[in-house]
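First up is the structure itself, then whatever we jot down about it.
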Amino acid sequence: MELRSVEELMDLLYACRGERPSAGGYGDGPGDPHGHALRTAALLRRRRPADKELQVAGLVAPVGRLLWPGDPAARTADAVRPLLGARVARLVRRQAHPEAWDHDDDLASLRQADDEARTADFDAGVLEDWRTVLELTAARNSRLGLVD
């Protein structure tokens with residue numbers, strides 16, 4: 001599946017609300033994957049405010065669980081690549097591979113925020129707060145240059 005618009009991506013992100021964390025996968029621990037993704041993105045926004053692609057990578061990670069069978073990180077990366085670009089897709093895909101974390105500062109930041117979001121207890125806002133960031137990222141990276 002390729003996401004062709006921010007609206008399609010937002011629909012998938014909204015569909016993650018109320019999902020149960022998967023054993024051994026993204027979003028383990030307290031809360032749901034939707035809330036975890038919001039906290040991860042919010043932590044990245046605080047630490048690296050200019051790096052919108054890194055923030056978006058933290059936000060979109062749970063959508064792969066809603067797609068076809070296989071590796072959720074790979075599913076997410078394949079789905080968001082046409083809309084959000086190669087860097088976001090690479091970060092999402094490689095986040096699931098611990099051997100890559102030590103050699104990439106972006107992955108280390110993403111993983112640190114992901115880990116902290118598992119236990120953090122703060123109001124990370126709502127998904128709609130991220131629509132503009134997703135639209136800007138999509139406009140910059142969409143291979144067609146078209147966004148919803």
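In the structure tokens, the first chain shown is A, the next is B, and so on; residue numbers restart at 1 for each chain, and ligands run from 1 in the order shown.
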
Might you pull out every residue within 7 Å of Ala61 of chain A, with only C-alpha atoms counted and same-chain residues fewer than 4 positions away left off, and present them as a PyMOL selection string?
-> chain A and resi 37+57+73+76+92

Can I get the selected residues back with all heavy atoms, as a PDB file, in the first residue's frame?
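Output file selection_23.pdb follows:
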ATOM      1  N   ALA A  37       2.970   7.181  19.960  1.00  0.00           N
ATOM      2  CA  ALA A  37       3.497   7.896  18.796  1.00  0.00           C
ATOM      3  C   ALA A  37       3.420   9.409  18.995  1.00  0.00           C
ATOM      4  O   ALA A  37       4.353  10.132  18.636  1.00  0.00           O
ATOM      5  CB  ALA A  37       2.738   7.477  17.545  1.00  0.00           C
ATOM      6  N   ALA A  57       8.787  10.732  11.548  1.00  0.00           N
ATOM      7  CA  ALA A  57       9.152   9.309  11.655  1.00  0.00           C
ATOM      8  C   ALA A  57       8.687   8.737  12.992  1.00  0.00           C
ATOM      9  O   ALA A  57       8.212   7.600  13.058  1.00  0.00           O
ATOM     10  CB  ALA A  57      10.656   9.129  11.482  1.00  0.00           C
ATOM     11  N   ALA A  73       7.560  -2.364  10.663  1.00  0.00           N
ATOM     12  CA  ALA A  73       8.429  -1.241  10.302  1.00  0.00           C
ATOM     13  C   ALA A  73       8.603  -1.166   8.787  1.00  0.00           C
ATOM     14  O   ALA A  73       8.558  -0.080   8.201  1.00  0.00           O
ATOM     15  CB  ALA A  73       9.783  -1.378  10.990  1.00  0.00           C
ATOM     16  N   THR A  76       5.314   0.101   7.218  1.00  0.00           N
ATOM     17  CA  THR A  76       5.168   1.542   7.395  1.00  0.00           C
ATOM     18  C   THR A  76       6.088   2.291   6.438  1.00  0.00           C
ATOM     19  O   THR A  76       5.666   3.243   5.770  1.00  0.00           O
ATOM     20  CB  THR A  76       5.466   1.960   8.851  1.00  0.00           C
ATOM     21  OG1 THR A  76       4.590   1.264   9.728  1.00  0.00           O
ATOM     22  CG2 THR A  76       5.297   3.454   9.050  1.00  0.00           C
ATOM     23  N   VAL A  92      12.087   5.027   9.805  1.00  0.00           N
ATOM     24  CA  VAL A  92      11.067   4.107  10.317  1.00  0.00           C
ATOM     25  C   VAL A  92      11.531   2.662  10.170  1.00  0.00           C
ATOM     26  O   VAL A  92      11.421   1.859  11.092  1.00  0.00           O
ATOM     27  CB  VAL A  92       9.719   4.324   9.591  1.00  0.00           C
ATOM     28  CG1 VAL A  92       8.740   3.214   9.918  1.00  0.00           C
ATOM     29  CG2 VAL A  92       9.132   5.673   9.960  1.00  0.00           C
TER      30      VAL A  92
END

Residues within 7 Å of segment 40-48 of chain A, only C-alpha atoms, excluding chain neighbours under 2 positions, as a PyMOL selection string = chain A and resi 36-38+50-51+55-56+58-59+113-114+117+124

Please produce a file of those selected residues containing N, CA, C and O atoms, as a PDB file, in the first residue's frame.
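Saved file part24.pdb follows:
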ATOM      1  N   HIS A  36       1.463   6.667  22.288  1.00  0.00           N
ATOM      2  CA  HIS A  36       2.920   6.504  22.304  1.00  0.00           C
ATOM      3  C   HIS A  36       3.553   7.282  21.153  1.00  0.00           C
ATOM      4  O   HIS A  36       4.557   7.981  21.332  1.00  0.00           O
ATOM      5  N   ALA A  37       2.970   7.181  19.960  1.00  0.00           N
ATOM      6  CA  ALA A  37       3.497   7.896  18.796  1.00  0.00           C
ATOM      7  C   ALA A  37       3.420   9.409  18.995  1.00  0.00           C
ATOM      8  O   ALA A  37       4.353  10.132  18.636  1.00  0.00           O
ATOM      9  N   LEU A  38       2.321   9.894  19.558  1.00  0.00           N
ATOM     10  CA  LEU A  38       2.200  11.325  19.832  1.00  0.00           C
ATOM     11  C   LEU A  38       3.268  11.792  20.818  1.00  0.00           C
ATOM     12  O   LEU A  38       3.869  12.853  20.637  1.00  0.00           O
ATOM     13  N   ALA A  50      13.795  21.746  14.522  1.00  0.00           N
ATOM     14  CA  ALA A  50      13.914  22.015  13.091  1.00  0.00           C
ATOM     15  C   ALA A  50      13.820  20.750  12.237  1.00  0.00           C
ATOM     16  O   ALA A  50      13.633  20.844  11.023  1.00  0.00           O
ATOM     17  N   ASP A  51      13.932  19.593  12.852  1.00  0.00           N
ATOM     18  CA  ASP A  51      13.970  18.340  12.095  1.00  0.00           C
ATOM     19  C   ASP A  51      12.572  17.720  12.002  1.00  0.00           C
ATOM     20  O   ASP A  51      12.229  16.786  12.730  1.00  0.00           O
ATOM     21  N   GLN A  55      10.701  14.043  13.444  1.00  0.00           N
ATOM     22  CA  GLN A  55       9.473  14.073  14.249  1.00  0.00           C
ATOM     23  C   GLN A  55       8.386  13.223  13.599  1.00  0.00           C
ATOM     24  O   GLN A  55       7.706  12.436  14.268  1.00  0.00           O
ATOM     25  N   VAL A  56       8.228  13.351  12.295  1.00  0.00           N
ATOM     26  CA  VAL A  56       7.214  12.601  11.555  1.00  0.00           C
ATOM     27  C   VAL A  56       7.515  11.103  11.611  1.00  0.00           C
ATOM     28  O   VAL A  56       6.600  10.285  11.735  1.00  0.00           O
ATOM     29  N   GLY A  58       8.797   9.514  14.052  1.00  0.00           N
ATOM     30  CA  GLY A  58       8.312   9.060  15.352  1.00  0.00           C
ATOM     31  C   GLY A  58       6.799   8.969  15.409  1.00  0.00           C
ATOM     32  O   GLY A  58       6.241   8.113  16.089  1.00  0.00           O
ATOM     33  N   LEU A  59       6.133   9.819  14.662  1.00  0.00           N
ATOM     34  CA  LEU A  59       4.674   9.853  14.668  1.00  0.00           C
ATOM     35  C   LEU A  59       4.041   8.710  13.879  1.00  0.00           C
ATOM     36  O   LEU A  59       3.054   8.126  14.302  1.00  0.00           O
ATOM     37  N   ALA A 113      13.781   8.816  22.145  1.00  0.00           N
ATOM     38  CA  ALA A 113      12.440   9.384  22.335  1.00  0.00           C
ATOM     39  C   ALA A 113      11.395   8.273  22.415  1.00  0.00           C
ATOM     40  O   ALA A 113      10.477   8.340  23.231  1.00  0.00           O
ATOM     41  N   ASP A 114      11.543   7.242  21.591  1.00  0.00           N
ATOM     42  CA  ASP A 114      10.628   6.100  21.615  1.00  0.00           C
ATOM     43  C   ASP A 114      10.654   5.416  22.981  1.00  0.00           C
ATOM     44  O   ASP A 114       9.606   5.126  23.556  1.00  0.00           O
ATOM     45  N   ALA A 117       9.108   7.718  25.653  1.00  0.00           N
ATOM     46  CA  ALA A 117       7.659   7.856  25.488  1.00  0.00           C
ATOM     47  C   ALA A 117       6.896   6.684  26.107  1.00  0.00           C
ATOM     48  O   ALA A 117       5.723   6.805  26.415  1.00  0.00           O
ATOM     49  N   ALA A 124       0.649  15.159  25.235  1.00  0.00           N
ATOM     50  CA  ALA A 124       1.362  15.329  23.970  1.00  0.00           C
ATOM     51  C   ALA A 124       0.493  15.973  22.900  1.00  0.00           C
ATOM     52  O   ALA A 124       0.886  16.041  21.739  1.00  0.00           O
TER      53      ALA A 124
END

Students should find that atom CA of Leu84 of chain A and atom CA of Val60 of chain A are spaced 10.1 Å

For Glu7 of chain A, work out the shell of residues within 10 Å, counting only C-alpha atoms and skipping chain neighbours fewer than 2 positions away, then give it as a ChimeraX atom specification.
-> /A:3-5,9-13,131,134-135,147-148

Distance query Arg81 of chain A at most 10 Å, only C-alpha atoms, self and fewer than 4 positions along chain excluded, as a PyMOL selection string = chain A and resi 2-4+76-77+85-90+92+138+141-143

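With atom CA of Asp115 of chain A on one side and atom CA of Pro69 of chain A on the other, the separation reads 24.8 Å.
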
Once DSSP has gone over the backbone, tell me which residues of chain A are in helix (DSSP H, G or I), as a VMD selection string.
-> chain A and resid 6 to 15 33 to 47 52 to 66 72 to 84 86 to 95 98 to 103 105 to 119 127 to 141

Straight-line distance linking atom CA of Gly125 of chain A with atom CA of Asp105 of chain A, stated in Å to one decimal | 26.0 Å

Best match for closeness to Leu91 of chain A among A:Leu54, A:Asp123, A:Asp32, A:Trp68, counting only C-alpha atoms | A:Leu54
